[in-house]
Amino acid sequence: MKQRTFSHFLLRWGVPLLLLAVFVAFVVSINRVDKVPLVSREGQTFEKGVVTQILQDNLMPDGSRVGEQRVMVRMTTGVRAGQELETTSSSGYLFGAGCTVGMKVVVLQSVAGESTITSVYSQDREGVLYLFAALYLVVLVLVGGKQGLKGALGLIFTFLCILFFYLPLVYRGYSPFWVSVGLCVVTTVVTMYLIGGPTKKTLVATGGTVAGVVIAGVAATCFSWASGISGWNVSDIESLLTLWNVNGIQVGGLLFSGLLISSLGAVMDVAMSIASAISEIHQQNPSLSKRALFKAGMHVGRDMMGTDSNTLILAFAGGSVSMLLLDYAYDLPYQQIINSNNIGIAIMQGLSGSFGIVLSVPVTVCLAVLLYTWKEEKSGTEQP
């Protein structure tokens with residue numbers, strides 16, 4: 001009995017942990033890269049502090065802020081920690097903060113000998129961000145139980161892969177599209193294995209997810225070829241050109257790699273749901289033929305297509321609300337709006353991701369039918 005338990009544990013976690021160790025070693029090696037400095041920040045640091053006094057406020061009677069505040073800040077980090085420094089805070093929407101006594105702020109600090117130049121960069125939000133992320137993980141575990149914990153681990157793994165796998169490889173000049181494909185494969189395998197274990201259901205869901213993501217990428221590539229929209233038409237291309245000139249980063253592929261990553265979650269949800277549903281149907285009625293099992297799987301998939309395809313389209317539309325409002329306010333002509341790069345990119349992202357979701361349904365159903373009935377077909381027990 002103990003030998004069997006040990007064998008099961010080795011099969012369940014031994015090989016995956018060995019593969020994970022190899023992957024971690026690979027990640028460590030690709031992160032050993034010397035970054036070319038794009039901006040000189042010698043002597044500049046971002047330090048934390050607490051506002052202790054408002055020396056001159058910029059609050060107007062109508063509630064707006066004009067000009068700068070002059071405040072006293074007690075530094076809590078850096079070479080001036082423990083000292084109170086007089087600094088300024090601008091009234092901009094992107095930089096600065098409407099300081100109040102006791103507010104925690106981040107200060108841009110330049111130190112040269114005894115001279116110190118400071119300005120308030122923003123409110124200190126680090127603790128709030130960590131708190132909300134921790135609350136989400138706690139709620140996920142409390143509501144989802146064991147599966148919620150596995151989902152949280154998968155989410156953390158995906159986030160770390162984006163930081164330490166995707167970004168270093170793209171920075172080294174590899175194709176963003178194929179790096180994102182590799183990222184989707186790795187994160188899908190790990191997430192599905194955590195949730196489903198070494199089962200046929202996991203294999204089906206993984207295959208359906210990878211197929212759906214690749215289909216989304218192919219659809220985006222075809223759309224780009226037909227419409228003339230590429231990764232060079234994005235709004236921040238001027239900043240990206242610096243990376244292209246300095247590091248040779250393939251900035252033209254960033255748009256499509258971002259599309260694959262953004263569609264991964266929705267496609268993964270569809271694939272796992274269909275794989276689980278067909279597995280349950282087959283277990284409850286093993287006598288179902290391939291045709292009947294396929295029809296049952298397609299019925300489940302069709303119910304999911306409408307909502308999940310709307311998910312991506314609404315997500316990209318939501319990210320373009322500011323642009324759409326400006327177009328509406330300026331009363332731009334229809335031909336100008338429909339042929340603009342920003343609108344074309346938003347439509348391409350929404351429709352290409354939806355192509356991946358919709359076409360992942362029949363792919364996942366086919367994989368499920370073939371794998372779930374394969375052993376029975378091989379032993380000759382399948383009924384017509």
# chains A, B, ... in the order shown; residues from 1 in each chain; ligands from 1

$ residues_around --residues "A:Val363" --least-positions-apart "5" --cutoff "12 Å" --atoms "only C-alpha atoms" --output "ChimeraX atom specification"
/A:204-215,267,270-271,274-275,294,297-298,301,356-358,368-370

$ closest_atom_pairs --of "stretch 83-175 of chain A" --to "stretch 194-200 of chain A" --cutoff "8 Å" --atoms "only C-alpha atoms" --output "CSV"
residue,atom,partner,partner_atom,distance
A:Gln147,CA,A:Ile195,CA,6.3
A:Lys150,CA,A:Leu194,CA,5.7
A:Gly151,CA,A:Ile195,CA,6.9
A:Gly154,CA,A:Leu194,CA,7.2

$ atom_distance --atom1 "atom CA of A:Ser180" --atom2 "atom CA of A:Val246"
22.1 Å

$ select_by_dssp --residues "stretch 99-189 of chain A" --states "alpha helix (DSSP H)" --output "ChimeraX atom specification"
/A:126-161,167-171,176-189

$ residues_around --residues "A:Ala97" --least-positions-apart "5" --cutoff "9 Å" --atoms "only C-alpha atoms" --output "number ranges by chain"
A: 89-92, 105, 120-123

$ write_last_selection --atoms "N, CA, C and O atoms" --output "mmCIF file, in the first residue's frame"
data_model
loop_
_atom_site.group_PDB
_atom_site.id
_atom_site.type_symbol
_atom_site.label_atom_id
_atom_site.label_comp_id
_atom_site.auth_asym_id
_atom_site.auth_seq_id
_atom_site.Cartn_x
_atom_site.Cartn_y
_atom_site.Cartn_z
ATOM 1 N N SER A 89 4.670 69.751 -4.606
ATOM 2 C CA SER A 89 3.792 68.762 -5.223
ATOM 3 C C SER A 89 2.956 69.466 -6.285
ATOM 4 O O SER A 89 2.222 70.410 -5.973
ATOM 5 N N SER A 90 3.089 69.036 -7.531
ATOM 6 C CA SER A 90 2.361 69.677 -8.625
ATOM 7 C C SER A 90 0.896 69.252 -8.601
ATOM 8 O O SER A 90 0.514 68.293 -7.924
ATOM 9 N N SER A 91 0.086 69.962 -9.367
ATOM 10 C CA SER A 91 -1.348 69.668 -9.398
ATOM 11 C C SER A 91 -1.732 68.859 -10.626
ATOM 12 O O SER A 91 -2.892 68.847 -11.026
ATOM 13 N N GLY A 92 -0.772 68.192 -11.263
ATOM 14 C CA GLY A 92 -1.060 67.419 -12.465
ATOM 15 C C GLY A 92 -1.845 66.160 -12.157
ATOM 16 O O GLY A 92 -1.866 65.658 -11.025
ATOM 17 N N VAL A 105 3.493 59.455 0.833
ATOM 18 C CA VAL A 105 3.810 59.847 -0.534
ATOM 19 C C VAL A 105 5.124 59.213 -0.975
ATOM 20 O O VAL A 105 5.925 58.746 -0.151
ATOM 21 N N VAL A 120 7.264 65.688 -4.962
ATOM 22 C CA VAL A 120 6.341 64.581 -4.723
ATOM 23 C C VAL A 120 5.979 63.961 -6.060
ATOM 24 O O VAL A 120 5.480 64.641 -6.960
ATOM 25 N N TYR A 121 6.240 62.657 -6.179
ATOM 26 C CA TYR A 121 5.925 61.945 -7.419
ATOM 27 C C TYR A 121 4.470 61.482 -7.435
ATOM 28 O O TYR A 121 3.759 61.660 -8.419
ATOM 29 N N SER A 122 4.022 60.867 -6.339
ATOM 30 C CA SER A 122 2.640 60.386 -6.268
ATOM 31 C C SER A 122 2.332 59.998 -4.833
ATOM 32 O O SER A 122 3.207 59.966 -3.966
ATOM 33 N N GLN A 123 1.062 59.686 -4.593
ATOM 34 C CA GLN A 123 0.676 59.093 -3.319
ATOM 35 C C GLN A 123 1.241 57.680 -3.249
ATOM 36 O O GLN A 123 1.315 56.980 -4.252
#

$ select_by_dssp --residues "stretch 108-173 of chain A" --states "strand (DSSP E)" --output "PyMOL selection string"
chain A and resi 108-112+115-123

$ closest_residue --among "A:Ser322, A:Ser239, A:Ser175, A:Thr307" --to "A:Leu254" --atoms "only C-alpha atoms"
A:Ser175

$ closest_residue --among "A:Ile343, A:Val300, A:Ala317, A:Val128" --to "A:Ser276" --atoms "only C-alpha atoms"
A:Val300

$ closest_residue --among "A:Ser289, A:Gly248, A:Gly63, A:Gly49" --to "A:Gln83" --atoms "only C-alpha atoms"
A:Gly49

$ residues_around --residues "A:Leu167" --least-positions-apart "6" --cutoff "12 Å" --atoms "only C-alpha atoms" --output "list in words"
Val27, Ile30, Asn31, Val33, Phe159, Leu160, Cys161, Gly173, Tyr174, Ser175, Pro176, Val179, Ser180, Leu183, Ile249, Leu254, Ser257 and Gly258 of chain A

$ write_last_selection --atoms "N, CA and C atoms" --output "compact mmCIF listing (two decimals), in the first residue's frame"
# COMPACT_ATOMS: atom_id res chain seq x y z
N VAL A 27 14.76 30.12 -16.63
CA VAL A 27 14.32 31.49 -16.36
C VAL A 27 15.43 32.30 -15.71
N ILE A 30 18.00 33.32 -18.45
CA ILE A 30 17.62 34.37 -19.40
C ILE A 30 17.47 35.72 -18.72
N ASN A 31 17.37 35.75 -17.40
CA ASN A 31 17.27 37.03 -16.71
C ASN A 31 18.63 37.64 -16.41
N VAL A 33 20.81 39.54 -17.88
CA VAL A 33 20.95 40.40 -19.05
C VAL A 33 21.32 41.80 -18.57
N PHE A 159 1.54 35.32 -13.63
CA PHE A 159 2.07 36.68 -13.45
C PHE A 159 3.59 36.67 -13.41
N LEU A 160 4.17 35.70 -12.69
CA LEU A 160 5.63 35.61 -12.62
C LEU A 160 6.24 35.27 -13.98
N CYS A 161 5.54 34.44 -14.76
CA CYS A 161 6.05 34.09 -16.10
C CYS A 161 6.09 35.31 -17.01
N GLY A 173 15.39 40.23 -27.98
CA GLY A 173 15.20 40.32 -29.41
C GLY A 173 14.43 39.17 -30.03
N TYR A 174 13.91 38.23 -29.20
CA TYR A 174 13.12 37.14 -29.75
C TYR A 174 11.74 37.65 -30.19
N SER A 175 11.11 36.91 -31.10
CA SER A 175 9.80 37.30 -31.62
C SER A 175 8.76 37.35 -30.50
N PRO A 176 8.13 38.50 -30.27
CA PRO A 176 7.12 38.58 -29.22
C PRO A 176 5.96 37.61 -29.45
N VAL A 179 7.17 34.07 -28.49
CA VAL A 179 7.42 34.04 -27.04
C VAL A 179 6.09 33.99 -26.29
N SER A 180 5.10 34.75 -26.77
CA SER A 180 3.78 34.72 -26.12
C SER A 180 3.11 33.36 -26.32
N LEU A 183 4.69 31.27 -23.77
CA LEU A 183 4.15 31.65 -22.46
C LEU A 183 2.77 31.03 -22.24
N ILE A 249 14.63 45.31 -30.36
CA ILE A 249 13.41 44.62 -29.94
C ILE A 249 12.39 44.68 -31.06
N LEU A 254 4.59 43.21 -30.74
CA LEU A 254 4.06 43.36 -29.37
C LEU A 254 2.54 43.40 -29.36
N SER A 257 1.29 39.79 -29.68
CA SER A 257 1.59 38.99 -28.50
C SER A 257 0.69 39.39 -27.34
N GLY A 258 0.41 40.68 -27.22
CA GLY A 258 -0.52 41.12 -26.18
C GLY A 258 -1.91 40.57 -26.39

$ residues_around --residues "A:Ile156" --least-positions-apart "4" --cutoff "12 Å" --atoms "only C-alpha atoms" --output "list in words"
Ala133, Ala134, Tyr136, Leu137, Leu149, Lys150, Gly151, Ala152, Leu160, Cys161, Ile162, Leu163, Thr187, Val190 and Thr191 of chain A

$ atom_distance --atom1 "atom CA of A:Asp124" --atom2 "atom CA of A:Leu240"
27.9 Å

$ residues_around --residues "A:Gly252" --least-positions-apart "5" --cutoff "8 Å" --atoms "only C-alpha atoms" --output "list of chain:residue names"
A:Ser230, A:Gly231, A:Trp232

$ residues_around --residues "A:Asp57" --least-positions-apart "4" --cutoff "10 Å" --atoms "only C-alpha atoms" --output "list in words"
Arg65, Val66, Gly67, Glu68, Gln69, Arg70, Val71, Ser89, Gly98, Cys99 and Thr100 of chain A

$ write_last_selection --atoms "all heavy atoms" --output "tab-separated table (two decimals), in the first residue's frame"
chain	number	residue	atom	x	y	z
A	65	ARG	N	-7.32	72.46	-8.08
A	65	ARG	CA	-5.98	72.81	-7.62
A	65	ARG	C	-5.21	73.47	-8.76
A	65	ARG	O	-5.21	72.98	-9.88
A	65	ARG	CB	-5.23	71.57	-7.13
A	65	ARG	CG	-5.82	70.98	-5.85
A	65	ARG	CD	-4.97	69.84	-5.31
A	65	ARG	NE	-5.53	69.30	-4.08
A	65	ARG	CZ	-5.27	69.78	-2.86
A	65	ARG	NH1	-4.45	70.82	-2.73
A	65	ARG	NH2	-5.82	69.23	-1.80
A	66	VAL	N	-4.56	74.58	-8.47
A	66	VAL	CA	-3.81	75.34	-9.47
A	66	VAL	C	-2.40	75.59	-8.93
A	66	VAL	O	-2.23	76.00	-7.78
A	66	VAL	CB	-4.49	76.69	-9.80
A	66	VAL	CG1	-3.66	77.48	-10.81
A	66	VAL	CG2	-5.89	76.45	-10.33
A	67	GLY	N	-1.41	75.30	-9.77
A	67	GLY	CA	-0.03	75.53	-9.34
A	67	GLY	C	0.51	74.39	-8.50
A	67	GLY	O	0.15	73.22	-8.70
A	68	GLU	N	1.35	74.74	-7.52
A	68	GLU	CA	2.02	73.73	-6.71
A	68	GLU	C	1.73	73.93	-5.22
A	68	GLU	O	1.44	75.03	-4.77
A	68	GLU	CB	3.54	73.80	-6.92
A	68	GLU	CG	4.01	73.45	-8.31
A	68	GLU	CD	5.52	73.52	-8.42
A	68	GLU	OE1	6.14	74.25	-7.61
A	68	GLU	OE2	6.08	72.85	-9.29
A	69	GLN	N	1.81	72.84	-4.50
A	69	GLN	CA	1.81	72.89	-3.05
A	69	GLN	C	3.26	72.92	-2.55
A	69	GLN	O	4.15	72.35	-3.18
A	69	GLN	CB	1.13	71.64	-2.46
A	69	GLN	CG	-0.38	71.59	-2.55
A	69	GLN	CD	-0.90	70.31	-1.95
A	69	GLN	OE1	-0.48	69.22	-2.33
A	69	GLN	NE2	-1.84	70.42	-1.01
A	70	ARG	N	3.48	73.57	-1.41
A	70	ARG	CA	4.75	73.44	-0.69
A	70	ARG	C	4.46	72.74	0.62
A	70	ARG	O	3.62	73.19	1.40
A	70	ARG	CB	5.40	74.80	-0.44
A	70	ARG	CG	5.97	75.45	-1.67
A	70	ARG	CD	6.92	76.60	-1.35
A	70	ARG	NE	6.29	77.62	-0.53
A	70	ARG	CZ	6.60	77.89	0.73
A	70	ARG	NH1	7.54	77.16	1.34
A	70	ARG	NH2	5.97	78.84	1.40
A	71	VAL	N	5.13	71.60	0.83
A	71	VAL	CA	4.82	70.76	1.99
A	71	VAL	C	6.11	70.33	2.67
A	71	VAL	O	7.20	70.37	2.08
A	71	VAL	CB	4.01	69.51	1.57
A	71	VAL	CG1	2.68	69.92	0.95
A	71	VAL	CG2	4.79	68.65	0.59
A	89	SER	N	4.67	69.75	-4.61
A	89	SER	CA	3.79	68.76	-5.22
A	89	SER	C	2.96	69.47	-6.29
A	89	SER	O	2.22	70.41	-5.97
A	89	SER	CB	2.88	68.12	-4.18
A	89	SER	OG	1.98	67.22	-4.80
A	98	GLY	N	-2.52	65.60	-4.31
A	98	GLY	CA	-3.16	66.60	-3.44
A	98	GLY	C	-2.85	66.26	-2.00
A	98	GLY	O	-3.61	65.52	-1.35
A	99	CYS	N	-1.75	66.76	-1.49
A	99	CYS	CA	-1.22	66.33	-0.20
A	99	CYS	C	-2.08	66.83	0.96
A	99	CYS	O	-2.59	67.95	0.95
A	99	CYS	CB	0.21	66.83	-0.02
A	99	CYS	SG	1.38	66.12	-1.20
A	100	THR	N	-2.22	65.98	1.96
A	100	THR	CA	-2.83	66.34	3.23
A	100	THR	C	-1.91	65.83	4.33
A	100	THR	O	-1.09	64.93	4.11
A	100	THR	CB	-4.22	65.69	3.39
A	100	THR	OG1	-4.10	64.27	3.23
A	100	THR	CG2	-5.19	66.23	2.34

$ atom_distance --atom1 "atom CA of A:Ala266" --atom2 "atom CA of A:Asp308"
6.5 Å
